[in-house]
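K.L.:
Next comes the structure file upload09.pdb, holding PDB, C-alpha atoms.
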MODEL        1
ATOM      1  CA  MET D   1      39.024 -15.181 -31.003
ATOM      2  CA  MET D   2      37.291 -17.497 -28.539
ATOM      3  CA  GLU D   3      37.509 -14.866 -25.784
ATOM      4  CA  LYS D   4      35.951 -12.226 -28.068
ATOM      5  CA  GLU D   5      33.148 -14.604 -28.954
ATOM      6  CA  LEU D   6      32.509 -15.323 -25.270
ATOM      7  CA  VAL D   7      32.385 -11.591 -24.528
ATOM      8  CA  ARG D   8      30.020 -10.984 -27.458
ATOM      9  CA  THR D   9      27.739 -13.797 -26.304
ATOM     10  CA  ALA D  10      27.722 -12.478 -22.747
ATOM     11  CA  VAL D  11      26.913  -8.936 -23.904
ATOM     12  CA  CYS D  12      24.079 -10.179 -26.126
ATOM     13  CA  HIS D  13      22.683 -12.171 -23.204
ATOM     14  CA  VAL D  14      22.747  -9.139 -20.907
ATOM     15  CA  LEU D  15      21.099  -6.935 -23.556
ATOM     16  CA  ASP D  16      18.362  -9.522 -24.122
ATOM     17  CA  GLU D  17      17.621  -9.530 -20.396
ATOM     18  CA  LEU D  18      17.578  -5.739 -20.242
ATOM     19  CA  ARG D  19      15.163  -5.572 -23.167
ATOM     20  CA  GLN D  20      12.727  -7.783 -21.275
ATOM     21  CA  ARG D  21      12.688  -5.597 -18.171
ATOM     22  CA  PRO D  22       9.286  -4.060 -17.403
ATOM     23  CA  ILE D  23       8.764  -0.562 -18.775
ATOM     24  CA  PRO D  24       7.201   1.772 -16.184
ATOM     25  CA  LEU D  25       3.660   2.796 -17.106
ATOM     26  CA  GLY D  26       2.363   6.337 -16.762
ATOM     27  CA  VAL D  27      -1.328   7.091 -17.249
ATOM     28  CA  SER D  28      -1.898  10.601 -18.572
ATOM     29  CA  ASN D  29      -5.166  12.050 -17.381
ATOM     30  CA  ARG D  30      -6.514  15.088 -19.223
ATOM     31  CA  HIS D  31      -4.188  18.065 -18.761
ATOM     32  CA  VAL D  32      -3.171  21.441 -20.145
ATOM     33  CA  HIS D  33       0.173  22.890 -21.226
ATOM     34  CA  LEU D  34       0.216  26.682 -21.487
ATOM     35  CA  SER D  35       2.387  29.303 -23.113
ATOM     36  CA  GLN D  36       3.618  32.178 -20.964
ATOM     37  CA  ALA D  37       1.249  34.625 -22.678
ATOM     38  CA  ASP D  38      -1.827  32.429 -22.267
ATOM     39  CA  TYR D  39      -0.950  31.636 -18.662
ATOM     40  CA  GLN D  40      -0.717  35.346 -17.828
ATOM     41  CA  VAL D  41      -4.246  35.893 -19.172
ATOM     42  CA  LEU D  42      -5.625  33.085 -17.020
ATOM     43  CA  PHE D  43      -3.494  33.672 -13.918
ATOM     44  CA  PRO D  44      -2.191  37.265 -14.038
ATOM     45  CA  ASP D  45       0.851  37.914 -11.847
ATOM     46  CA  GLN D  46       0.698  34.454 -10.275
ATOM     47  CA  PRO D  47       3.696  32.113 -10.418
ATOM     48  CA  LEU D  48       3.000  28.577 -11.598
ATOM     49  CA  ALA D  49       3.176  26.577  -8.355
ATOM     50  CA  VAL D  50       4.436  23.000  -8.103
ATOM     51  CA  LYS D  51       1.939  20.520  -6.669
ATOM     52  CA  LYS D  52       3.701  17.255  -7.572
ATOM     53  CA  GLU D  53       6.884  16.361  -9.413
ATOM     54  CA  LEU D  54       6.389  13.965 -12.340
ATOM     55  CA  LYS D  55       8.647  11.091 -13.350
ATOM     56  CA  GLN D  56      10.083  12.962 -16.342
ATOM     57  CA  PRO D  57      12.858  15.272 -15.052
ATOM     58  CA  GLY D  58      11.792  18.889 -14.706
ATOM     59  CA  GLN D  59       8.101  18.141 -15.349
ATOM     60  CA  TYR D  60       5.455  18.730 -12.701
ATOM     61  CA  ALA D  61       1.741  18.991 -12.019
ATOM     62  CA  ALA D  62       0.880  22.531 -10.982
ATOM     63  CA  GLU D  63      -1.479  23.721  -8.260
ATOM     64  CA  GLN D  64      -3.408  25.720 -10.858
ATOM     65  CA  THR D  65      -6.343  24.187 -12.738
ATOM     66  CA  VAL D  66      -8.725  25.412 -15.442
ATOM     67  CA  THR D  67     -12.099  24.527 -16.879
ATOM     68  CA  ILE D  68     -12.095  23.383 -20.506
ATOM     69  CA  ALA D  69     -15.267  24.543 -22.258
ATOM     70  CA  GLY D  70     -16.319  22.960 -25.560
ATOM     71  CA  PRO D  71     -19.370  23.279 -27.814
ATOM     72  CA  LYS D  72     -21.221  20.505 -25.954
ATOM     73  CA  GLY D  73     -19.771  20.302 -22.461
ATOM     74  CA  HIS D  74     -17.215  21.260 -19.833
ATOM     75  CA  LEU D  75     -14.355  19.530 -18.014
ATOM     76  CA  LYS D  76     -13.642  21.142 -14.656
ATOM     77  CA  ASN D  77     -10.479  21.216 -12.539
ATOM     78  CA  VAL D  78      -8.147  20.183 -15.350
ATOM     79  CA  ARG D  79      -4.557  20.284 -14.135
ATOM     80  CA  ILE D  80      -1.915  22.523 -15.724
ATOM     81  CA  LEU D  81       1.464  20.840 -16.213
ATOM     82  CA  GLY D  82       4.703  22.766 -15.973
ATOM     83  CA  PRO D  83       6.972  24.237 -16.966
ATOM     84  CA  LEU D  84       5.314  26.668 -19.364
ATOM     85  CA  ARG D  85       5.845  25.992 -23.073
ATOM     86  CA  SER D  86       6.220  27.926 -26.303
ATOM     87  CA  GLN D  87       2.643  27.050 -27.324
ATOM     88  CA  SER D  88      -0.490  25.981 -25.488
ATOM     89  CA  GLN D  89      -1.712  22.401 -25.858
ATOM     90  CA  ILE D  90      -4.656  20.505 -24.380
ATOM     91  CA  GLU D  91      -4.420  16.714 -24.107
ATOM     92  CA  VAL D  92      -7.659  14.761 -23.646
ATOM     93  CA  SER D  93      -8.939  11.237 -24.207
ATOM     94  CA  ARG D  94     -11.445  10.265 -26.907
ATOM     95  CA  THR D  95     -14.096  10.094 -24.177
ATOM     96  CA  ASP D  96     -13.211  13.626 -23.042
ATOM     97  CA  ALA D  97     -13.338  14.902 -26.622
ATOM     98  CA  ARG D  98     -16.863  13.545 -27.027
ATOM     99  CA  THR D  99     -17.901  15.228 -23.778
ATOM    100  CA  LEU D 100     -16.511  18.542 -25.029
ATOM    101  CA  GLY D 101     -17.958  18.121 -28.515
ATOM    102  CA  VAL D 102     -14.674  18.466 -30.419
ATOM    103  CA  THR D 103     -12.938  16.211 -32.921
ATOM    104  CA  ALA D 104      -9.461  15.926 -31.441
ATOM    105  CA  PRO D 105      -6.937  14.197 -33.726
ATOM    106  CA  LEU D 106      -4.424  11.600 -32.558
ATOM    107  CA  ARG D 107      -1.102  13.460 -32.430
ATOM    108  CA  LEU D 108       2.339  13.532 -30.884
ATOM    109  CA  SER D 109       2.883  16.383 -28.464
ATOM    110  CA  GLY D 110       3.673  19.625 -30.264
ATOM    111  CA  LYS D 111       2.089  18.623 -33.585
ATOM    112  CA  LEU D 112      -0.777  21.091 -33.434
ATOM    113  CA  GLY D 113      -1.474  21.973 -37.081
ATOM    114  CA  ASP D 114      -5.142  21.558 -38.062
ATOM    115  CA  THR D 115      -6.250  20.831 -34.499
ATOM    116  CA  PRO D 116      -9.427  22.281 -32.970
ATOM    117  CA  GLY D 117      -9.465  25.212 -30.595
ATOM    118  CA  ILE D 118     -11.163  25.428 -27.215
ATOM    119  CA  LYS D 119     -12.019  27.866 -24.413
ATOM    120  CA  LEU D 120     -10.096  27.784 -21.126
ATOM    121  CA  ILE D 121     -11.567  29.375 -18.001
ATOM    122  CA  SER D 122      -9.855  30.174 -14.702
ATOM    123  CA  PRO D 123     -11.145  32.059 -11.650
ATOM    124  CA  PHE D 124      -9.344  35.147 -12.997
ATOM    125  CA  GLY D 125      -9.973  35.141 -16.736
ATOM    126  CA  GLU D 126     -10.660  33.150 -19.857
ATOM    127  CA  ILE D 127      -9.089  32.624 -23.258
ATOM    128  CA  THR D 128     -10.200  31.012 -26.505
ATOM    129  CA  LEU D 129      -7.466  29.110 -28.308
ATOM    130  CA  ASN D 130      -7.585  28.772 -32.087
ATOM    131  CA  GLN D 131      -5.936  25.346 -31.982
ATOM    132  CA  GLY D 132      -4.244  22.891 -29.636
ATOM    133  CA  VAL D 133      -6.645  20.106 -28.616
ATOM    134  CA  ILE D 134      -5.222  16.615 -29.241
ATOM    135  CA  VAL D 135      -5.524  13.007 -28.163
ATOM    136  CA  ALA D 136      -1.916  12.143 -27.385
ATOM    137  CA  LEU D 137      -0.398   9.287 -29.371
ATOM    138  CA  ARG D 138       0.800   6.607 -26.963
ATOM    139  CA  HIS D 139       4.557   6.803 -26.618
ATOM    140  CA  ILE D 140       7.636   5.762 -24.655
ATOM    141  CA  HIS D 141      10.092   8.273 -23.232
ATOM    142  CA  MET D 142      13.659   7.014 -23.045
ATOM    143  CA  SER D 143      17.244   8.170 -22.738
ATOM    144  CA  PRO D 144      19.820   7.596 -25.506
ATOM    145  CA  LEU D 145      21.203   4.694 -23.437
ATOM    146  CA  ASP D 146      17.749   3.107 -23.192
ATOM    147  CA  ALA D 147      17.340   3.535 -26.966
ATOM    148  CA  LEU D 148      20.685   1.829 -27.532
ATOM    149  CA  ILE D 149      19.700  -1.090 -25.292
ATOM    150  CA  TYR D 150      16.338  -1.553 -26.991
ATOM    151  CA  GLY D 151      17.762  -1.020 -30.470
ATOM    152  CA  VAL D 152      15.379   1.808 -31.361
ATOM    153  CA  GLN D 153      15.655   5.423 -32.472
ATOM    154  CA  HIS D 154      13.705   8.621 -31.908
ATOM    155  CA  GLY D 155      10.598   8.532 -34.087
ATOM    156  CA  ASP D 156      10.401   4.745 -34.362
ATOM    157  CA  SER D 157       7.069   2.974 -33.875
ATOM    158  CA  VAL D 158       6.956  -0.238 -31.833
ATOM    159  CA  LYS D 159       4.575  -2.777 -30.326
ATOM    160  CA  VAL D 160       4.230  -3.060 -26.573
ATOM    161  CA  ALA D 161       2.600  -5.929 -24.681
ATOM    162  CA  ILE D 162       0.753  -5.307 -21.419
ATOM    163  CA  HIS D 163       0.997  -8.283 -19.072
ATOM    164  CA  GLY D 164      -0.083  -9.012 -15.533
ATOM    165  CA  SER D 165      -3.765  -8.140 -15.829
ATOM    166  CA  SER D 166      -6.902 -10.020 -16.853
ATOM    167  CA  ARG D 167      -7.184  -7.672 -19.849
ATOM    168  CA  LYS D 168      -3.673  -8.083 -21.183
ATOM    169  CA  THR D 169      -3.249  -6.643 -24.652
ATOM    170  CA  ILE D 170      -0.767  -5.444 -27.254
ATOM    171  CA  PHE D 171      -0.557  -1.780 -28.201
ATOM    172  CA  ASP D 172       0.662  -1.140 -31.740
ATOM    173  CA  ASP D 173       2.031   2.134 -33.121
ATOM    174  CA  VAL D 174       3.738   3.212 -29.900
ATOM    175  CA  ALA D 175       6.028   6.143 -30.681
ATOM    176  CA  ILE D 176       9.589   6.268 -29.377
ATOM    177  CA  ARG D 177      10.738   9.624 -27.982
ATOM    178  CA  VAL D 178      14.435   9.881 -27.139
ATOM    179  CA  SER D 179      16.184  12.667 -25.247
ATOM    180  CA  PRO D 180      19.006  12.964 -22.692
ATOM    181  CA  GLU D 181      16.442  14.650 -20.401
ATOM    182  CA  MET D 182      14.019  11.715 -20.505
ATOM    183  CA  THR D 183      13.507   8.763 -18.153
ATOM    184  CA  LEU D 184      12.174   5.392 -19.311
ATOM    185  CA  GLU D 185       8.367   5.505 -19.110
ATOM    186  CA  MET D 186       5.432   4.588 -21.364
ATOM    187  CA  HIS D 187       2.556   7.071 -21.513
ATOM    188  CA  ILE D 188      -1.011   6.079 -22.358
ATOM    189  CA  ASP D 189      -4.274   7.913 -21.755
ATOM    190  CA  THR D 190      -7.121   6.945 -19.431
ATOM    191  CA  ASP D 191      -9.171   5.201 -22.138
ATOM    192  CA  GLU D 192      -6.213   2.980 -23.026
ATOM    193  CA  ALA D 193      -5.399   2.350 -19.368
ATOM    194  CA  ASN D 194      -8.954   1.237 -18.633
ATOM    195  CA  ALA D 195      -8.999  -1.045 -21.667
ATOM    196  CA  ALA D 196      -5.837  -2.814 -20.461
ATOM    197  CA  ASP D 197      -6.675  -2.745 -16.718
ATOM    198  CA  ILE D 198      -3.552  -0.746 -15.918
ATOM    199  CA  ASP D 199      -4.898  -0.022 -12.409
ATOM    200  CA  ASN D 200      -3.992  -3.612 -11.601
ATOM    201  CA  PRO D 201      -0.737  -3.292  -9.599
ATOM    202  CA  ALA D 202       0.586  -6.433 -11.305
ATOM    203  CA  ALA D 203       0.334  -4.888 -14.799
ATOM    204  CA  TYR D 204       3.559  -4.151 -16.658
ATOM    205  CA  ALA D 205       4.740  -3.419 -20.215
ATOM    206  CA  VAL D 206       7.450  -4.985 -22.382
ATOM    207  CA  LEU D 207       8.539  -4.324 -25.957
ATOM    208  CA  VAL D 208       7.406  -6.976 -28.440
ATOM    209  CA  LYS D 209      10.123  -8.466 -30.609
ATOM    210  CA  GLU D 210       9.282  -8.238 -34.331
TER     211      GLU D 210
ENDMDL
END
Write the structure described by the file as structure tokens, please.

P.N.:
Amino acid sequence: MMEKELVRTAVCHVLDELRQRPIPLGVSNRHVHLSQADYQVLFPDQPLAVKKELKQPGQYAAEQTVTIAGPKGHLKNVRILGPLRSQSQIEVSRTDARTLGVTAPLRLSGKLGDTPGIKLISPFGEITLNQGVIVALRHIHMSPLDALIYGVQHGDSVKVAIHGSSRKTIFDDVAIRVSPEMTLEMHIDTDEANAADIDNPAAYAVLVKE
């Protein structure tokens, strides 16, 4: 019994240390996900070319960019992310949404019901989407093993503290997204990154114990 208790104590100690490890931070600048059909309108007969691999396996920034045109303004050279998806989605910050003149709701990726549409323009064509513009809800990607270590499940909402900068803060309502294809990384947008001084190389994130 004593040996089992020692093992349990040791395991708990290791898990506590793992839970305090810094979570990598990824700042999501405005970007576009496209369906195959919409991509073909904008870039007919052109393969989506990889410019830079992203931290999440299989995800990449493409060479191709578009202009997002809203009722009040434009955002030029907005990067397309690959691979292509089943539906098109445009992710912007609140500041970007004001520039465009649209009311973009705070949503998880893929939750596009009752979202505003927008026009996308490439050098080869243009398309007007009926929906798809969102401000992405801050979230953490993690594998099932990471979720087990942190004691969370897909769909949970947690608090995350940002340390190491002069503007340290706590982000509430951070969504947990779990998949075997995911690598541990917290995603926030540029407005949130600026508010917490994420450009500071010393900045890091940790889950807050409730």

K.L.:
Do you know which residues the PyMOL selection byres ((chain D and resi 147-158) around 6) returns on this file, as JSON, numbers by chain?

P.N.:
{"D": [19, 144, 145, 146, 159, 173, 174, 175, 176, 177, 178]}

K.L.:
List every residue of segment 14-47 of chain D that has an atom at most 10 Å from any atom of segment 161-168 of chain D, giving for each one its closest atom pair and the distance in Å to one decimal, counting all atoms listed in the file, sorted by chain and then by ascending residue number, as CSV.

P.N.:
residue,atom,partner,partner_atom,distance
D:Pro22,CA,D:His163,CA,9.5
D:Ile23,CA,D:Ile162,CA,9.7
D:Leu25,CA,D:Ile162,CA,9.6

K.L.:
Could you give me, as a tab-separated table, a per-residue list for segment 112-152 of chain D showing, wherever an atom lies at most 7 Å from an atom of segment 89-97 of chain D, the closest pair of atoms and their distance in Å to one decimal, using only C-alpha atoms and sorting by chain then residue number from low to high?

P.N.:
residue	atom	partner	partner_atom	distance
D:Gly132	CA	D:Gln89	CA	4.6
D:Val133	CA	D:Ile90	CA	4.7
D:Ile134	CA	D:Glu91	CA	5.2
D:Val135	CA	D:Val92	CA	5.3
D:Ala136	CA	D:Glu91	CA	6.2

K.L.:
Carefully work through the PyMOL selection byres ((chain D and resi 66) around 7) for this structure and note down the residues it includes, as a list in words.

P.N.:
Thr65, Thr67, Ile68, Lys76, Asn77, Val78, Arg79, Leu120, Ile121 and Ser122 of chain D

K.L.:
Can you work out which one of D:Pro57, D:Pro47, D:Gly117, D:Gly110 has the shortest atom-to-atom distance to Ser143 of chain D, counting only C-alpha atoms?

P.N.:
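Ranking D:Pro57, D:Pro47, D:Gly117, D:Gly110 by distance to Ser143 of chain D, first place goes to D:Pro57.
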
K.L.:
Expressed in Å to a single decimal, how great is the separation between atom CA of Asp197 of chain D and atom CA of Ser28 of chain D?

P.N.:
14.3 Å

K.L.:
Between atom CA of Ile118 of chain D and atom CA of Leu48 of chain D, what distance in Å does the model show, to one decimal?

P.N.:
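Atom CA of Leu48 of chain D lies 21.3 Å from atom CA of Ile118 of chain D.
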
K.L.:
Which residues are close to segment 36-46 of chain D, i.e. within 10 Å by all atoms listed in the file, leaving aside same-chain residues fewer than 5 positions away? Reply as a list in words.

P.N.:
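In the requested format, the answer is Gln64, Thr65, Val66, Ile80, Pro83, Leu84, Arg85, Ser86, Gln87, Ser88, Leu120, Ile121, Ser122, Pro123, Phe124, Gly125, Glu126, Ile127, Thr128 and Leu129 of chain D.
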
K.L.:
Figure out the distance between atom CA of Leu112 of chain D and atom CA of Val160 of chain D, please, to one decimal in Å.

P.N.:
25.6 Å

K.L.:
For Glu185 of chain D, list every protein, DNA or RNA residue within 6 Å, evaluated using only C-alpha atoms, and leave out those in the same chain fewer than 6 positions away; present the list as a list in words.

P.N.:
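Near Glu185 of chain D, the qualifying residues are Pro24, Leu25, Ile140 and His141 of chain D.
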
K.L.:
Which residue is closest to His187 of chain D? Choose from D:Val208, D:Leu108, D:Ala202, D:Ala62 and count all atoms listed in the file.

P.N.:
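Residue with the minimum atom-to-atom distance to His187 of chain D: D:Leu108.
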
K.L.:
Determine the residue membership of the PyMOL selection byres ((chain D and resi 61) around 8) for the file above and supply it as a PDB file with C-alpha atoms, keeping the file's coordinate frame.

P.N.:
ATOM      1  CA  VAL D  50       4.436  23.000  -8.103  1.00  0.00           C
ATOM      2  CA  LYS D  51       1.939  20.520  -6.669  1.00  0.00           C
ATOM      3  CA  LYS D  52       3.701  17.255  -7.572  1.00  0.00           C
ATOM      4  CA  GLU D  53       6.884  16.361  -9.413  1.00  0.00           C
ATOM      5  CA  LEU D  54       6.389  13.965 -12.340  1.00  0.00           C
ATOM      6  CA  GLN D  59       8.101  18.141 -15.349  1.00  0.00           C
ATOM      7  CA  TYR D  60       5.455  18.730 -12.701  1.00  0.00           C
ATOM      8  CA  ALA D  62       0.880  22.531 -10.982  1.00  0.00           C
ATOM      9  CA  GLU D  63      -1.479  23.721  -8.260  1.00  0.00           C
ATOM     10  CA  ARG D  79      -4.557  20.284 -14.135  1.00  0.00           C
ATOM     11  CA  ILE D  80      -1.915  22.523 -15.724  1.00  0.00           C
ATOM     12  CA  LEU D  81       1.464  20.840 -16.213  1.00  0.00           C
ATOM     13  CA  GLY D  82       4.703  22.766 -15.973  1.00  0.00           C
TER      14      GLY D  82
END

K.L.:
For Ala203 of chain D, which residue out of D:Val32, D:Gly73, D:Thr169, D:Thr190 is the nearest one, using all atoms listed in the file?

P.N.:
D:Thr169
